[in-house]
Structure formats: structure tokens, C-alpha cells
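> One structure coming up, written as C-alpha cells, with questions to follow.
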Amino acid sequence: MLRRKGPSRLLLIFSTLLLGGCALNGPQSIFDTAGPVAASQADLFVYIFWFAVFVFVAVTAALVYAVFKYRRRGDDDGSVPDQIHGVAWLEAAWTVAPAVILVLIGFPTVRLILETESRVEPGQQDLVVNVTGYQWWWEFEYPELGVTTANELHIPTGRRVVLNLNSGDVLHSFWVPRLAGKRDLIPNQDNQLWLSADEAGLYRGQCAELCLGAHAYMRMRVIAESEAEFSAWANSFQQGGAQQVQAQVGTPQLEAGKALFKTKGCANCHAIAGYAQGQAAPDLTNFGVRTSLAAGVAENTPENLTNWIRNPQELKPGNLMPTLWAADDPKRDEEVAALVAYLESLGTQAPPTASVQARR
Ligand SMILES: [Cu+2]
């Protein structure tokens, strides 16, 4: 008997660990919905779930009943029982029942697919964002607002946001579970996804399509906020990172950081509106107002940013940003500190007052 306890105990431990990972209200739970698209998808899921429960219970009950009713008894002579072929009512029942269930599941499913999947023509009220997936970060460009940023998507609550999805390299998938189901980003495919958030808040997402290397670290944040907050945010970009950048410099350390951004080569890959035009990497305009770093992998604190710039591979193994100092470079700490001070200062000055003007 001891022999049989091992496996069952293992199973118990394993399933406890596995189920321990389940929570209906985790930060990326499809059940804790925060917008109409995710809500209707979750409702459909729960609706279909109950059909599955019904089928499971009915089939298991029939099975258990048959096993006990027709089991071999002591007085059995071992002969084959009478063979009955084709009980009309039974065969009709198990043909019709699945068909009915399929219809009950199929209609609401197709309806929701058509509702959420179809391409929409963005109207005056909608916010359009061009999303591009790169290994292993996200670019968010607001064509009507002249804003480009990375890894943190700001949206106003209650408004429909139309995302044009594209990829700069391999396949990625945009997934913010509390707001909407996932949709692939495919080079030259022009996929679209629309969503909206009911309430202000921070919603976490991640790439849901294996894109090699640092795929597991390709996260993102959606920050839903009031129209006023959203306008202020967008406006601080729009009014020209140029003035912003000018306003930042002042102390010798900030001046040094700004200069190093070019002399160390950061500007070859990164853009800062009005100052640098690199294309290969996340746009760092107003980086100081970001909450996260390296596609949501760490909080944007001076300490984490220092570690990141010193050695990007430590925080996010496999990512495409190189280390720009030799390990024994005596100026490393001082230069990194200046760059950190400079980047953290971007966008954190008082926001300009003029309101956001759509360009169209
Ligand atoms: Cu990806």
C-alpha cells in the first residue's frame, strides 16, 4: 500500500501548487474586467463554462450509473449479454442534444466575434494609437496628437481607443487581460483592436506570442485617466519636448547627462523630442514621468535606472541594449549618475498649460 501513497501525495502537492496560482482578481485576471470588451468576453466565457459543467455532470452521471448497474455480479455465468442495436429514442437524444448545445453556444459566440473583431472606422470621439511591437518592447504613437512613447499606453477613461497593431520584426500579441482579449501584431498585416477602460487605473499587459529572447519580459502598462489628466500628459509631449529639454538643463550634472546622451551613443538608438532622433529603441521623451522601465520589467526609480544603464542584460537578459562602459571604466559611475539625473528630469517640470489640440 505504501507504494501507492507516493503518487497520490505527489498529485496532491502538485495540484495545490498549481491551483495556488489561480486567483480571480489577480492583476491580469480576465475575470476582473475593467472595460466593456473584456466584460462581454468574460460573460461569454462564463456562459459557455456552465454548458461545459452541465455536459460533464450529465456524462459522468450516466457513466457511473452504467458502471454500477451493469457491473459483473457473483452469479454471472460470463456469457455475453443480449446485444441491442439502435434504440431509436436514445440515438435521437444524443444527436439532438449536442446540436442544441452547439446552437446555444454558437450564436452568442459569433455575435460577440462580429461585435469586437470587426474593423472600426475611428470617429471624432475615438482615440487612435499606432502600436508597434519590437523585440522586446512596445511603441505607442498617437498620430492625431503628435505623441510617441514606449511601453506605457495612456488612455482617457470611457473613450473608445482604436489600436492599429503592427510589428517591426517578428510576431507579437497585444494582451491587456482586464481590458480586452489578445490580438496579434503581424508585420504589414494592419491588425486592429479596440477597447476602452471604465475606470481610471493601471492595467498590466504583456506580449502573448512567443517572440524569442526576452519575450517573457515584454510587458506593458495601460494607464487610464480622466480626460483632463490625459490631455495634460499628451500636451507635455506635444508642446515640444524641445522646450522641455531646454528647461531641464541647469545644474552641471544635468548638463553633463544631456551631453553624455549624445557622446556615449544613446542618441543613436533613442529619440528625445527636440534633442535626439534615434529610431532603434524606445522613445525617451518625458522619460521622467514613466512609472516603469524596460517594458514594465522594473519600476522607474533612480536606483533601477542606474542598474539598467550600467548593465541592461542583468535586469532583462537577452534584450537588445548594449552595455556602454567597460567594467573597469573609472568614469562609469559618475557618467551613469549624470545620465540617470538627466533622464529622470525629463517631463517632470510643470506641464504646459495650453490644451491638447487634435491635429486633424
Ligand atoms: Cu513579443
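Letters for chains follow the order of the C-alpha cells (A, B, ...), residue numbers begin at 1 for each chain, and ligand numbers begin at 1 in the order shown.
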12 Å from ligand 1 is the threshold here; counting only C-alpha atoms and all ligand atoms, which polymer residues fall inside it? Answer as a PyMOL selection string.
chain A and resi 132-139+166-175+183-186+205-220+295+319
> Output the selection as an mmCIF file, in the first residue's frame - C-alpha atoms for each residue.

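Dumped everything to again_33.cif:
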data_model
loop_
_atom_site.group_PDB
_atom_site.id
_atom_site.type_symbol
_atom_site.label_atom_id
_atom_site.label_comp_id
_atom_site.auth_asym_id
_atom_site.auth_seq_id
_atom_site.Cartn_x
_atom_site.Cartn_y
_atom_site.Cartn_z
ATOM 1 C CA THR A 132 4.259 48.619 -32.920
ATOM 2 C CA GLY A 133 5.766 45.577 -31.260
ATOM 3 C CA TYR A 134 9.539 45.224 -31.233
ATOM 4 C CA GLN A 135 11.793 42.660 -29.622
ATOM 5 C CA TRP A 136 11.057 43.245 -26.692
ATOM 6 C CA TRP A 137 9.208 46.490 -26.125
ATOM 7 C CA TRP A 138 6.191 48.432 -27.374
ATOM 8 C CA GLU A 139 5.961 51.682 -29.260
ATOM 9 C CA ASN A 166 1.881 46.284 -36.369
ATOM 10 C CA SER A 167 5.220 44.664 -35.791
ATOM 11 C CA GLY A 168 8.711 45.916 -36.538
ATOM 12 C CA ASP A 169 10.187 42.430 -36.552
ATOM 13 C CA VAL A 170 8.549 39.133 -35.545
ATOM 14 C CA LEU A 171 5.049 38.258 -34.375
ATOM 15 C CA HIS A 172 3.883 39.698 -31.068
ATOM 16 C CA SER A 173 0.495 39.753 -29.395
ATOM 17 C CA PHE A 174 -1.110 42.639 -27.557
ATOM 18 C CA TRP A 175 -2.816 41.490 -24.382
ATOM 19 C CA ARG A 183 -4.677 40.281 -30.833
ATOM 20 C CA ASP A 184 -1.536 39.528 -32.857
ATOM 21 C CA LEU A 185 0.839 42.135 -34.225
ATOM 22 C CA ILE A 186 1.999 40.901 -37.616
ATOM 23 C CA GLY A 205 -0.411 43.574 -20.030
ATOM 24 C CA GLN A 206 2.179 41.519 -21.810
ATOM 25 C CA CYS A 207 3.162 40.102 -25.153
ATOM 26 C CA ALA A 208 1.241 36.864 -25.616
ATOM 27 C CA GLU A 209 3.033 35.459 -28.649
ATOM 28 C CA LEU A 210 6.416 33.817 -28.218
ATOM 29 C CA CYS A 211 8.836 36.275 -29.826
ATOM 30 C CA LEU A 212 12.130 34.665 -28.781
ATOM 31 C CA GLY A 213 14.790 36.016 -26.412
ATOM 32 C CA ALA A 214 13.309 38.251 -23.767
ATOM 33 C CA HIS A 215 9.664 37.508 -24.686
ATOM 34 C CA ALA A 216 8.781 36.762 -21.068
ATOM 35 C CA TYR A 217 9.926 40.286 -20.149
ATOM 36 C CA MET A 218 7.888 42.057 -22.800
ATOM 37 C CA ARG A 219 5.280 43.628 -20.592
ATOM 38 C CA MET A 220 3.401 46.883 -20.765
ATOM 39 C CA ALA A 295 8.871 47.236 -20.905
ATOM 40 C CA ASN A 319 17.386 42.428 -24.561
#
> For A:Asn300, find every residue with an atom within 12 Å (counting only C-alpha atoms), except residues of its own chain fewer than 5 positions away, and show them as a ChimeraX atom specification.
/A:151-152,287-295,305-308,340,343-344
> Take the residues that were just selected and, keeping C-alpha atoms, output them as a PDB file, in the first residue's frame.

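The result, written out as part14.pdb:
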ATOM      1  CA  ASN A 151       5.735  50.693 -23.003  1.00  0.00           C
ATOM      2  CA  GLU A 152       3.118  52.802 -21.230  1.00  0.00           C
ATOM      3  CA  PHE A 287      11.005  59.604 -19.551  1.00  0.00           C
ATOM      4  CA  GLY A 288      10.780  61.022 -16.035  1.00  0.00           C
ATOM      5  CA  VAL A 289       7.002  60.587 -15.933  1.00  0.00           C
ATOM      6  CA  ARG A 290       7.151  56.870 -16.766  1.00  0.00           C
ATOM      7  CA  THR A 291       6.268  54.517 -13.941  1.00  0.00           C
ATOM      8  CA  SER A 292       8.193  51.573 -15.355  1.00  0.00           C
ATOM      9  CA  LEU A 293      11.408  50.651 -17.056  1.00  0.00           C
ATOM     10  CA  ALA A 294      12.398  48.223 -19.829  1.00  0.00           C
ATOM     11  CA  ALA A 295       8.871  47.236 -20.905  1.00  0.00           C
ATOM     12  CA  LEU A 305      17.575  53.077 -13.871  1.00  0.00           C
ATOM     13  CA  THR A 306      21.180  53.177 -12.675  1.00  0.00           C
ATOM     14  CA  ASN A 307      21.374  49.380 -12.764  1.00  0.00           C
ATOM     15  CA  TRP A 308      19.735  49.341 -16.159  1.00  0.00           C
ATOM     16  CA  VAL A 340      20.077  58.977 -14.666  1.00  0.00           C
ATOM     17  CA  LEU A 343      16.564  61.124 -17.899  1.00  0.00           C
ATOM     18  CA  GLU A 344      14.589  61.292 -14.653  1.00  0.00           C
TER      19      GLU A 344
END
> Quick check, in Å to one decimal: how far apart do atom CA of A:Ser118 and atom CA of A:Ile101 lie?
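Calculated distance between atom CA of A:Ser118 and atom CA of A:Ile101 is 25.5 Å.
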> Looking only at strand (DSSP E or B) from DSSP on the backbone, list the matching residues of stretch 17-142 of chain A as number ranges by chain.
A: 127-134, 137-142
> Save out the residues we just selected, N, CA and C atoms, as a compact mmCIF listing (two decimals), in the first residue's frame.

# COMPACT_ATOMS: atom_id res chain seq x y z
N LEU A 127 -9.96 57.64 -29.84
CA LEU A 127 -8.53 57.93 -29.77
C LEU A 127 -7.82 56.85 -30.58
N VAL A 128 -6.99 57.29 -31.53
CA VAL A 128 -6.27 56.32 -32.37
C VAL A 128 -4.83 56.21 -31.89
N VAL A 129 -4.35 55.01 -31.72
CA VAL A 129 -2.95 54.81 -31.34
C VAL A 129 -2.35 53.74 -32.25
N ASN A 130 -1.21 54.06 -32.84
CA ASN A 130 -0.48 53.07 -33.63
C ASN A 130 0.47 52.34 -32.71
N VAL A 131 0.25 51.04 -32.58
CA VAL A 131 1.07 50.23 -31.68
C VAL A 131 2.03 49.40 -32.52
N THR A 132 3.31 49.48 -32.22
CA THR A 132 4.26 48.62 -32.92
C THR A 132 5.00 47.78 -31.91
N GLY A 133 5.03 46.47 -32.14
CA GLY A 133 5.77 45.58 -31.26
C GLY A 133 7.18 45.40 -31.78
N TYR A 134 8.15 45.49 -30.89
CA TYR A 134 9.54 45.22 -31.23
C TYR A 134 10.06 44.21 -30.23
N TRP A 137 9.84 45.30 -26.71
CA TRP A 137 9.21 46.49 -26.13
C TRP A 137 8.13 46.99 -27.08
N TRP A 138 7.34 47.94 -26.61
CA TRP A 138 6.19 48.43 -27.37
C TRP A 138 6.35 49.90 -27.71
N GLU A 139 5.99 50.26 -28.92
CA GLU A 139 5.96 51.68 -29.26
C GLU A 139 4.50 52.12 -29.39
N PHE A 140 4.17 53.26 -28.79
CA PHE A 140 2.82 53.81 -28.89
C PHE A 140 2.90 55.19 -29.53
N GLU A 141 2.28 55.30 -30.69
CA GLU A 141 2.31 56.58 -31.40
C GLU A 141 0.87 57.07 -31.54
N TYR A 142 0.65 58.33 -31.14
CA TYR A 142 -0.68 58.93 -31.23
C TYR A 142 -0.66 59.88 -32.42
> If I take atom CA of A:Cys269 and atom CA of A:His154, how far is one from the other in Å, to one decimal?
23.3 Å
